[in-house]
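Below is the file work-v8.pdb, which contains PDB, C-alpha atoms and all ligand atoms.
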ATOM      1  CA  MET A   1       0.000   0.000   0.000  1.00  0.00           C
ATOM      2  CA  PHE A   2       2.892   2.382   0.729  1.00  0.00           C
ATOM      3  CA  GLU A   3       6.134   2.575  -1.198  1.00  0.00           C
ATOM      4  CA  LEU A   4       9.289   3.544   0.673  1.00  0.00           C
ATOM      5  CA  ALA A   5      12.028   5.394  -1.163  1.00  0.00           C
ATOM      6  CA  GLN A   6      15.138   7.304  -0.269  1.00  0.00           C
ATOM      7  CA  GLU A   7      14.297  11.002   0.141  1.00  0.00           C
ATOM      8  CA  ARG A   8      15.469  13.105  -2.807  1.00  0.00           C
ATOM      9  CA  ASP A   9      16.286  16.830  -2.873  1.00  0.00           C
ATOM     10  CA  SER A  10      12.942  17.475  -4.589  1.00  0.00           C
ATOM     11  CA  ASP A  11      11.098  15.877  -1.614  1.00  0.00           C
ATOM     12  CA  TRP A  12      12.672  18.213   0.971  1.00  0.00           C
ATOM     13  CA  TRP A  13       9.985  20.929   1.266  1.00  0.00           C
ATOM     14  CA  GLU A  14       7.129  18.447   1.082  1.00  0.00           C
ATOM     15  CA  VAL A  15       8.663  16.564   4.019  1.00  0.00           C
ATOM     16  CA  GLU A  16       9.168  19.860   5.901  1.00  0.00           C
ATOM     17  CA  ALA A  17       5.453  20.646   5.390  1.00  0.00           C
ATOM     18  CA  LEU A  18       4.523  17.205   6.751  1.00  0.00           C
ATOM     19  CA  TYR A  19       6.682  17.788   9.827  1.00  0.00           C
ATOM     20  CA  ASP A  20       5.121  21.242  10.335  1.00  0.00           C
ATOM     21  CA  LEU A  21       1.693  19.611  10.245  1.00  0.00           C
ATOM     22  CA  CYS A  22       2.580  16.769  12.626  1.00  0.00           C
ATOM     23  CA  PHE A  23       4.658  18.580  15.261  1.00  0.00           C
ATOM     24  CA  ALA A  24       3.898  21.515  17.526  1.00  0.00           C
ATOM     25  CA  PRO A  25       4.808  24.954  16.179  1.00  0.00           C
ATOM     26  CA  GLY A  26       8.395  25.912  16.903  1.00  0.00           C
ATOM     27  CA  ARG A  27       9.721  22.363  16.455  1.00  0.00           C
ATOM     28  CA  GLU A  28      12.991  23.805  15.175  1.00  0.00           C
ATOM     29  CA  ALA A  29      13.626  25.430  18.556  1.00  0.00           C
ATOM     30  CA  LEU A  30      14.125  21.944  20.062  1.00  0.00           C
ATOM     31  CA  SER A  31      17.653  21.216  21.200  1.00  0.00           C
ATOM     32  CA  SER A  32      17.870  18.224  18.850  1.00  0.00           C
ATOM     33  CA  TYR A  33      17.780  20.671  15.924  1.00  0.00           C
ATOM     34  CA  ARG A  34      21.013  22.289  17.148  1.00  0.00           C
ATOM     35  CA  LEU A  35      22.685  18.953  16.418  1.00  0.00           C
ATOM     36  CA  ARG A  36      21.360  19.102  12.849  1.00  0.00           C
ATOM     37  CA  ASP A  37      22.292  22.703  12.025  1.00  0.00           C
ATOM     38  CA  GLY A  38      24.666  22.798   9.081  1.00  0.00           C
ATOM     39  CA  VAL A  39      25.037  19.000   8.939  1.00  0.00           C
ATOM     40  CA  PRO A  40      23.500  17.057   6.034  1.00  0.00           C
ATOM     41  CA  PRO A  41      21.131  14.206   6.941  1.00  0.00           C
ATOM     42  CA  VAL A  42      22.193  10.604   6.332  1.00  0.00           C
ATOM     43  CA  SER A  43      20.659  10.355   2.870  1.00  0.00           C
ATOM     44  CA  GLU A  44      20.709   6.534   2.595  1.00  0.00           C
ATOM     45  CA  LEU A  45      18.480   6.254   5.678  1.00  0.00           C
ATOM     46  CA  SER A  46      16.130   9.206   5.180  1.00  0.00           C
ATOM     47  CA  LEU A  47      12.993   7.768   3.632  1.00  0.00           C
ATOM     48  CA  VAL A  48       9.652   8.939   2.283  1.00  0.00           C
ATOM     49  CA  ALA A  49       6.520   6.769   2.163  1.00  0.00           C
ATOM     50  CA  ARG A  50       4.049   7.491  -0.630  1.00  0.00           C
ATOM     51  CA  ASP A  51       0.701   5.883  -1.357  1.00  0.00           C
ATOM     52  CA  ALA A  52      -0.335   4.419  -4.725  1.00  0.00           C
ATOM     53  CA  ASP A  53      -1.248   7.940  -5.927  1.00  0.00           C
ATOM     54  CA  GLY A  54       2.150   9.307  -4.944  1.00  0.00           C
ATOM     55  CA  ILE A  55       0.785  11.270  -1.967  1.00  0.00           C
ATOM     56  CA  LEU A  56       3.301  11.680   0.848  1.00  0.00           C
ATOM     57  CA  ALA A  57       2.078   9.746   3.901  1.00  0.00           C
ATOM     58  CA  GLY A  58       5.146   9.604   6.137  1.00  0.00           C
ATOM     59  CA  ALA A  59       8.828  10.418   6.384  1.00  0.00           C
ATOM     60  CA  ILE A  60      11.871   9.715   8.501  1.00  0.00           C
ATOM     61  CA  ARG A  61      15.274  11.408   8.602  1.00  0.00           C
ATOM     62  CA  PHE A  62      18.525  10.615  10.400  1.00  0.00           C
ATOM     63  CA  TRP A  63      21.548  12.720  11.278  1.00  0.00           C
ATOM     64  CA  PRO A  64      25.039  11.669  12.341  1.00  0.00           C
ATOM     65  CA  VAL A  65      26.039  12.789  15.856  1.00  0.00           C
ATOM     66  CA  LEU A  66      28.839  12.109  18.305  1.00  0.00           C
ATOM     67  CA  VAL A  67      28.226  10.731  21.803  1.00  0.00           C
ATOM     68  CA  GLY A  68      31.281  11.203  23.983  1.00  0.00           C
ATOM     69  CA  GLY A  69      33.202  11.351  20.708  1.00  0.00           C
ATOM     70  CA  ARG A  70      31.753   8.075  19.325  1.00  0.00           C
ATOM     71  CA  LYS A  71      29.648   8.005  16.152  1.00  0.00           C
ATOM     72  CA  ALA A  72      25.904   7.448  16.481  1.00  0.00           C
ATOM     73  CA  LEU A  73      22.773   7.996  14.457  1.00  0.00           C
ATOM     74  CA  LEU A  74      20.155  10.481  15.638  1.00  0.00           C
ATOM     75  CA  LEU A  75      16.750   9.158  14.525  1.00  0.00           C
ATOM     76  CA  GLY A  76      14.195  11.783  13.654  1.00  0.00           C
ATOM     77  CA  PRO A  77      12.128  13.544  12.880  1.00  0.00           C
ATOM     78  CA  VAL A  78       9.707  10.742  12.006  1.00  0.00           C
ATOM     79  CA  ALA A  79       6.105  11.583  11.223  1.00  0.00           C
ATOM     80  CA  VAL A  80       3.025  10.075   9.620  1.00  0.00           C
ATOM     81  CA  HIS A  81       0.232  12.228   8.200  1.00  0.00           C
ATOM     82  CA  PRO A  82      -2.670  12.402  10.696  1.00  0.00           C
ATOM     83  CA  THR A  83      -5.029  10.694   8.224  1.00  0.00           C
ATOM     84  CA  ARG A  84      -2.603   7.751   7.935  1.00  0.00           C
ATOM     85  CA  GLN A  85      -1.645   7.220  11.560  1.00  0.00           C
ATOM     86  CA  GLY A  86      -2.296   3.934  13.331  1.00  0.00           C
ATOM     87  CA  GLU A  87      -1.893   1.810  10.191  1.00  0.00           C
ATOM     88  CA  GLY A  88       1.625   0.666  10.983  1.00  0.00           C
ATOM     89  CA  LEU A  89       3.425   3.129   8.724  1.00  0.00           C
ATOM     90  CA  GLY A  90       5.485   4.687  11.527  1.00  0.00           C
ATOM     91  CA  GLY A  91       6.656   1.213  12.493  1.00  0.00           C
ATOM     92  CA  LEU A  92       7.439   0.355   8.879  1.00  0.00           C
ATOM     93  CA  LEU A  93       9.560   3.507   8.434  1.00  0.00           C
ATOM     94  CA  ILE A  94      11.477   2.870  11.656  1.00  0.00           C
ATOM     95  CA  ARG A  95      12.089  -0.852  11.084  1.00  0.00           C
ATOM     96  CA  ASP A  96      13.036  -0.449   7.413  1.00  0.00           C
ATOM     97  CA  SER A  97      15.460   2.423   8.039  1.00  0.00           C
ATOM     98  CA  LEU A  98      17.097   0.631  10.974  1.00  0.00           C
ATOM     99  CA  ALA A  99      17.588  -2.491   8.827  1.00  0.00           C
ATOM    100  CA  ARG A 100      19.304  -0.266   6.263  1.00  0.00           C
ATOM    101  CA  ALA A 101      21.450   1.240   9.051  1.00  0.00           C
ATOM    102  CA  VAL A 102      22.571  -2.253  10.089  1.00  0.00           C
ATOM    103  CA  ALA A 103      23.432  -3.095   6.457  1.00  0.00           C
ATOM    104  CA  LEU A 104      25.488   0.134   6.279  1.00  0.00           C
ATOM    105  CA  ARG A 105      27.340  -0.950   9.436  1.00  0.00           C
ATOM    106  CA  TRP A 106      26.126   1.800  11.760  1.00  0.00           C
ATOM    107  CA  GLU A 107      26.587   0.548  15.304  1.00  0.00           C
ATOM    108  CA  ARG A 108      24.184   2.592  17.456  1.00  0.00           C
ATOM    109  CA  VAL A 109      21.149   4.831  17.155  1.00  0.00           C
ATOM    110  CA  MET A 110      19.584   7.314  19.573  1.00  0.00           C
ATOM    111  CA  LEU A 111      16.588   9.641  19.638  1.00  0.00           C
ATOM    112  CA  VAL A 112      14.569  11.937  21.855  1.00  0.00           C
ATOM    113  CA  GLY A 113      11.040  10.597  22.122  1.00  0.00           C
ATOM    114  CA  ASP A 114       8.291   8.761  23.955  1.00  0.00           C
ATOM    115  CA  ALA A 115       9.632   5.556  25.539  1.00  0.00           C
ATOM    116  CA  PRO A 116       6.204   3.823  25.392  1.00  0.00           C
ATOM    117  CA  TYR A 117       6.230   4.097  21.598  1.00  0.00           C
ATOM    118  CA  TYR A 118       9.893   3.370  20.916  1.00  0.00           C
ATOM    119  CA  ALA A 119      10.258   0.449  23.370  1.00  0.00           C
ATOM    120  CA  ARG A 120       8.538  -1.782  20.794  1.00  0.00           C
ATOM    121  CA  PHE A 121      11.496  -1.232  18.459  1.00  0.00           C
ATOM    122  CA  GLY A 122      14.029  -2.130  21.153  1.00  0.00           C
ATOM    123  CA  PHE A 123      14.857   1.403  22.368  1.00  0.00           C
ATOM    124  CA  PHE A 124      15.770   1.880  26.032  1.00  0.00           C
ATOM    125  CA  ARG A 125      16.689   4.838  28.230  1.00  0.00           C
ATOM    126  CA  LEU A 126      20.310   5.931  27.737  1.00  0.00           C
ATOM    127  CA  ASP A 127      21.840   6.691  31.114  1.00  0.00           C
ATOM    128  CA  GLY A 128      24.640   9.213  31.032  1.00  0.00           C
ATOM    129  CA  VAL A 129      24.014  10.374  27.471  1.00  0.00           C
ATOM    130  CA  GLU A 130      23.504  14.142  27.679  1.00  0.00           C
ATOM    131  CA  MET A 131      21.543  15.978  25.026  1.00  0.00           C
ATOM    132  CA  PRO A 132      21.969  19.751  24.829  1.00  0.00           C
ATOM    133  CA  PRO A 133      19.581  21.340  27.356  1.00  0.00           C
ATOM    134  CA  PRO A 134      16.711  21.612  27.770  1.00  0.00           C
ATOM    135  CA  THR A 135      15.973  17.908  27.198  1.00  0.00           C
ATOM    136  CA  ASN A 136      14.130  15.587  29.576  1.00  0.00           C
ATOM    137  CA  PRO A 137      16.644  12.747  30.225  1.00  0.00           C
ATOM    138  CA  GLU A 138      13.738  10.259  30.391  1.00  0.00           C
ATOM    139  CA  ARG A 139      13.207  10.858  26.672  1.00  0.00           C
ATOM    140  CA  VAL A 140      16.795  10.133  25.627  1.00  0.00           C
ATOM    141  CA  LEU A 141      16.588   6.625  24.166  1.00  0.00           C
ATOM    142  CA  GLY A 142      18.925   4.342  22.267  1.00  0.00           C
ATOM    143  CA  ARG A 143      19.203   1.023  20.525  1.00  0.00           C
ATOM    144  CA  ALA A 144      22.283  -1.003  19.682  1.00  0.00           C
ATOM    145  CA  LEU A 145      22.557  -2.071  16.051  1.00  0.00           C
ATOM    146  CA  VAL A 146      25.356  -4.479  16.925  1.00  0.00           C
ATOM    147  CA  PRO A 147      25.366  -6.236  20.309  1.00  0.00           C
ATOM    148  CA  GLY A 148      26.754  -4.124  23.152  1.00  0.00           C
ATOM    149  CA  ALA A 149      27.244  -1.021  21.007  1.00  0.00           C
ATOM    150  CA  TRP A 150      26.027   1.328  23.781  1.00  0.00           C
ATOM    151  CA  ASP A 151      28.098  -0.340  26.526  1.00  0.00           C
ATOM    152  CA  GLY A 152      30.292   2.340  28.097  1.00  0.00           C
ATOM    153  CA  VAL A 153      29.222   4.986  25.572  1.00  0.00           C
ATOM    154  CA  LYS A 154      28.317   8.090  27.582  1.00  0.00           C
ATOM    155  CA  GLY A 155      28.787  11.824  27.617  1.00  0.00           C
ATOM    156  CA  LYS A 156      27.615  14.833  25.723  1.00  0.00           C
ATOM    157  CA  VAL A 157      25.899  14.505  22.383  1.00  0.00           C
ATOM    158  CA  SER A 158      27.533  16.853  19.901  1.00  0.00           C
ATOM    159  CA  ARG A 159      27.251  17.783  16.273  1.00  0.00           C
ATOM    160  CA  ALA A 160      29.099  15.585  13.791  1.00  0.00           C
ATOM    161  CA  THR A 161      31.205  17.661  11.461  1.00  0.00           C
TER     162      THR A 161
HETATM  163  C1  LIG A 201       4.543   8.746  16.238  1.00  0.00           C
HETATM  164  C2  LIG A 201       4.063   8.431  14.821  1.00  0.00           C
HETATM  165  C3  LIG A 201       5.230   8.590  13.839  1.00  0.00           C
HETATM  166  C4  LIG A 201       3.595   6.962  14.787  1.00  0.00           C
HETATM  167  O1  LIG A 201       3.202   6.652  13.458  1.00  0.00           O
HETATM  168  P1  LIG A 201       1.976   5.612  13.190  1.00  0.00           P
HETATM  169  O2  LIG A 201       2.025   5.240  11.755  1.00  0.00           O
HETATM  170  O3  LIG A 201       0.720   6.187  13.709  1.00  0.00           O
HETATM  171  O4  LIG A 201       2.444   4.414  14.131  1.00  0.00           O
HETATM  172  P2  LIG A 201       2.094   2.874  14.019  1.00  0.00           P
HETATM  173  O5  LIG A 201       0.818   2.704  13.220  1.00  0.00           O
HETATM  174  O6  LIG A 201       3.292   2.150  13.583  1.00  0.00           O
HETATM  175  O7  LIG A 201       1.840   2.528  15.544  1.00  0.00           O
HETATM  176  C5  LIG A 201       0.656   2.962  16.150  1.00  0.00           C
HETATM  177  C6  LIG A 201       0.741   2.607  17.622  1.00  0.00           C
HETATM  178  O8  LIG A 201       1.669   3.489  18.247  1.00  0.00           O
HETATM  179  C7  LIG A 201       1.027   4.120  19.347  1.00  0.00           C
HETATM  180  N1  LIG A 201       1.622   5.448  19.512  1.00  0.00           N
HETATM  181  C8  LIG A 201       1.728   6.436  18.614  1.00  0.00           C
HETATM  182  N2  LIG A 201       2.329   7.508  19.169  1.00  0.00           N
HETATM  183  C9  LIG A 201       2.635   7.171  20.441  1.00  0.00           C
HETATM  184  C10 LIG A 201       3.245   7.839  21.517  1.00  0.00           C
HETATM  185  N3  LIG A 201       3.697   9.099  21.397  1.00  0.00           N
HETATM  186  N4  LIG A 201       3.384   7.172  22.696  1.00  0.00           N
HETATM  187  C11 LIG A 201       2.946   5.915  22.844  1.00  0.00           C
HETATM  188  N5  LIG A 201       2.347   5.208  21.853  1.00  0.00           N
HETATM  189  C12 LIG A 201       2.184   5.851  20.672  1.00  0.00           C
HETATM  190  C13 LIG A 201      -0.425   4.162  18.944  1.00  0.00           C
HETATM  191  O9  LIG A 201      -1.229   4.322  20.084  1.00  0.00           O
HETATM  192  C14 LIG A 201      -0.588   2.788  18.320  1.00  0.00           C
HETATM  193  O10 LIG A 201      -0.667   1.820  19.327  1.00  0.00           O
HETATM  194  P3  LIG A 201      -1.287   0.347  19.063  1.00  0.00           P
HETATM  195  O11 LIG A 201      -0.359  -0.357  18.100  1.00  0.00           O
HETATM  196  O12 LIG A 201      -1.273  -0.287  20.410  1.00  0.00           O
HETATM  197  O13 LIG A 201      -2.645   0.602  18.486  1.00  0.00           O
HETATM  198  C15 LIG A 201       2.857   9.321  14.403  1.00  0.00           C
HETATM  199  O14 LIG A 201       1.829   9.164  15.357  1.00  0.00           O
HETATM  200  C16 LIG A 201       3.197  10.799  14.285  1.00  0.00           C
HETATM  201  O15 LIG A 201       3.584  11.255  13.216  1.00  0.00           O
HETATM  202  N6  LIG A 201       3.000  11.557  15.359  1.00  0.00           N
HETATM  203  C17 LIG A 201       3.245  12.989  15.351  1.00  0.00           C
HETATM  204  C18 LIG A 201       4.714  13.275  15.258  1.00  0.00           C
HETATM  205  C19 LIG A 201       5.503  12.583  16.358  1.00  0.00           C
HETATM  206  O16 LIG A 201       5.131  12.644  17.516  1.00  0.00           O
HETATM  207  N7  LIG A 201       6.620  11.932  15.967  1.00  0.00           N
HETATM  208  C20 LIG A 201       7.459  11.207  16.898  1.00  0.00           C
HETATM  209  C21 LIG A 201       8.389  12.141  17.578  1.00  0.00           C
HETATM  210  S1  LIG A 201       9.128  11.426  19.010  1.00  0.00           S
END
For the structure just supplied, provide its representation as structure tokens.
Ligand SMILES: CC(C)(COP(=O)(O)OP(=O)(O)OC[C@H]1O[C@@H](n2cnc3c(N)ncnc32)[C@H](O)[C@@H]1OP(=O)(O)O)[C@@H](O)C(=O)NCCC(=O)NCCS
Amino acid sequence: MFELAQERDSDWWEVEALYDLCFAPGREALSSYRLRDGVPPVSELSLVARDADGILAGAIRFWPVLVGGRKALLLGPVAVHPTRQGEGLGGLLIRDSLARAVALRWERVMLVGDAPYYARFGFFRLDGVEMPPPTNPERVLGRALVPGAWDGVKGKVSRAT
């Protein structure tokens, strides 16, 4: 029903409009955006989902970051159009992009989000991983893409150059 494809330059503003619709106004004031400023997204993992008519239904982007100097993926934003939510598309975007991340040999992924949603994909609270303030530490979550990849990885999250 939905086709996933790597986001292209021509998709950028359509995806931005979807994010504006799905998130509270001022989303770009969030501290996670400071980690994205001036850094290109990871294009191989940033996906758009379109229906059979080509209408954009959902999107996911990833950025590279450093955690205590170690490379990690920052998942997000991910959003599904309000008329398409609850059909499994968010889960499809997350699972498909993480499988691609494994194939590309990324070792760890993190995000800032709701633990009750992301726990189903294997995300857990990252103790000692410090997002730029203000961020609720309860919402800082991670998942290893290779076993043990978060063991001993702590410290400040900073922009990848
Ligand atoms: C979060 C989002 C991407 C999920 O996409 P989706 O296609 O609706 O998700 P799925 O169909 O795969 O999963 C739906 C399930 O997730 C649950 N869910 C969705 N958002 C949730 C949240 N914030 N906390 C807990 N559970 C949540 C739904 O209740 C539903 O539960 P069920 O399977 O028990 O019925 C979508 O709701 C969205 O775009 N929300 C607005 C933007 C946003 O908050 N993005 C995430 C930022 S952290």
**Q.** Resolved residues for the PyMOL selection byres (((not hetatm)) within 8 of (chain A and resi 201)) as a count of residues only
**A.** 28
Q: With the file shown as input, list the residues that the PyMOL selection byres (((chain A and resi 69) around 10) and not hetatm) selects, as a ChimeraX atom specification.
A: /A:65-68,70-72,153-160
Using C-alpha atoms, can you export the residues from the last selection as a tab-separated table (two decimals), in the frame of the given file?
chain	number	residue	atom	x	y	z
A	65	VAL	CA	26.04	12.79	15.86
A	66	LEU	CA	28.84	12.11	18.30
A	67	VAL	CA	28.23	10.73	21.80
A	68	GLY	CA	31.28	11.20	23.98
A	70	ARG	CA	31.75	8.07	19.32
A	71	LYS	CA	29.65	8.01	16.15
A	72	ALA	CA	25.90	7.45	16.48
A	153	VAL	CA	29.22	4.99	25.57
A	154	LYS	CA	28.32	8.09	27.58
A	155	GLY	CA	28.79	11.82	27.62
A	156	LYS	CA	27.62	14.83	25.72
A	157	VAL	CA	25.90	14.50	22.38
A	158	SER	CA	27.53	16.85	19.90
A	159	ARG	CA	27.25	17.78	16.27
A	160	ALA	CA	29.10	15.58	13.79
**Q.** Selection: 7 Å around Leu45 (chain A), only C-alpha atoms, excl. self and same-chain fewer than 5 positions, as a PyMOL selection string
**A.** chain A and resi 6+61-62+97+100-101
Mind dumping the selected residues with C-alpha atoms as a PDB file, in the frame of the given file?
ATOM      1  CA  GLN A   6      15.138   7.304  -0.269  1.00  0.00           C
ATOM      2  CA  ARG A  61      15.274  11.408   8.602  1.00  0.00           C
ATOM      3  CA  PHE A  62      18.525  10.615  10.400  1.00  0.00           C
ATOM      4  CA  SER A  97      15.460   2.423   8.039  1.00  0.00           C
ATOM      5  CA  ARG A 100      19.304  -0.266   6.263  1.00  0.00           C
ATOM      6  CA  ALA A 101      21.450   1.240   9.051  1.00  0.00           C
TER       7      ALA A 101
END
Q.
Could you check the closest approach to Ser43 (chain A) for each of A:Gly142, A:Gly152, A:Pro64, A:Pro25 and tell me which residue wins, using all atoms listed in the file?
A.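 Closest residue, counting all atoms listed in the file: A:Pro64.
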Q) Which is closer to Leu18 (chain A) than all the others in A:Leu56, A:Val109, A:Leu141, A:Leu126, using all atoms listed in the file? A) A:Leu56
Q: Let me know the residues the PyMOL selection byres (((chain A and resi 1) around 8) and not hetatm) catches in the file above, as number ranges by chain.
A: A: 2-3, 51-52
(Q) Let me make sure I understand: among A:Val42, A:Ala17, A:Val140, A:Ile94, which one has the smallest atom-to-atom distance to Gly128 (chain A) if we use all atoms listed in the file? (A)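 The answer is A:Val140, which sits nearest to Gly128 (chain A).
CA of Thr161 (chain A) lies 25.0 Å from CA of Val48 (chain A).
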Please produce region 137-150 of chain A, completed to N, CA and C atoms, as a tab-separated table (two decimals), in the frame of the given file.
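rebuild09.tsv written:
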chain	number	residue	atom	x	y	z
A	137	PRO	N	15.81	13.95	30.38
A	137	PRO	CA	16.64	12.75	30.22
A	137	PRO	C	15.84	11.46	30.05
A	138	GLU	N	14.59	11.46	30.55
A	138	GLU	CA	13.74	10.26	30.39
A	138	GLU	C	13.42	9.98	28.92
A	139	ARG	N	13.57	11.00	28.09
A	139	ARG	CA	13.21	10.86	26.67
A	139	ARG	C	14.42	10.56	25.79
A	140	VAL	N	15.59	10.43	26.41
A	140	VAL	CA	16.80	10.13	25.63
A	140	VAL	C	16.93	8.61	25.55
A	141	LEU	N	16.70	8.08	24.36
A	141	LEU	CA	16.59	6.62	24.17
A	141	LEU	C	17.60	6.15	23.13
A	142	GLY	N	17.97	4.88	23.24
A	142	GLY	CA	18.92	4.34	22.27
A	142	GLY	C	18.67	2.89	21.98
A	143	ARG	N	19.27	2.44	20.90
A	143	ARG	CA	19.20	1.02	20.52
A	143	ARG	C	20.53	0.64	19.89
A	144	ALA	N	21.05	-0.52	20.29
A	144	ALA	CA	22.28	-1.00	19.68
A	144	ALA	C	21.94	-1.68	18.36
A	145	LEU	N	22.75	-1.41	17.35
A	145	LEU	CA	22.56	-2.07	16.05
A	145	LEU	C	23.51	-3.25	15.90
A	146	VAL	N	24.53	-3.27	16.74
A	146	VAL	CA	25.36	-4.48	16.92
A	146	VAL	C	25.40	-4.71	18.44
A	147	PRO	N	25.47	-5.98	18.88
A	147	PRO	CA	25.37	-6.24	20.31
A	147	PRO	C	26.39	-5.43	21.13
A	148	GLY	N	25.87	-4.82	22.22
A	148	GLY	CA	26.75	-4.12	23.15
A	148	GLY	C	27.24	-2.77	22.69
A	149	ALA	N	26.68	-2.24	21.60
A	149	ALA	CA	27.24	-1.02	21.01
A	149	ALA	C	27.10	0.21	21.90
A	150	TRP	N	26.15	0.18	22.87
A	150	TRP	CA	26.03	1.33	23.78
A	150	TRP	C	26.80	1.12	25.08
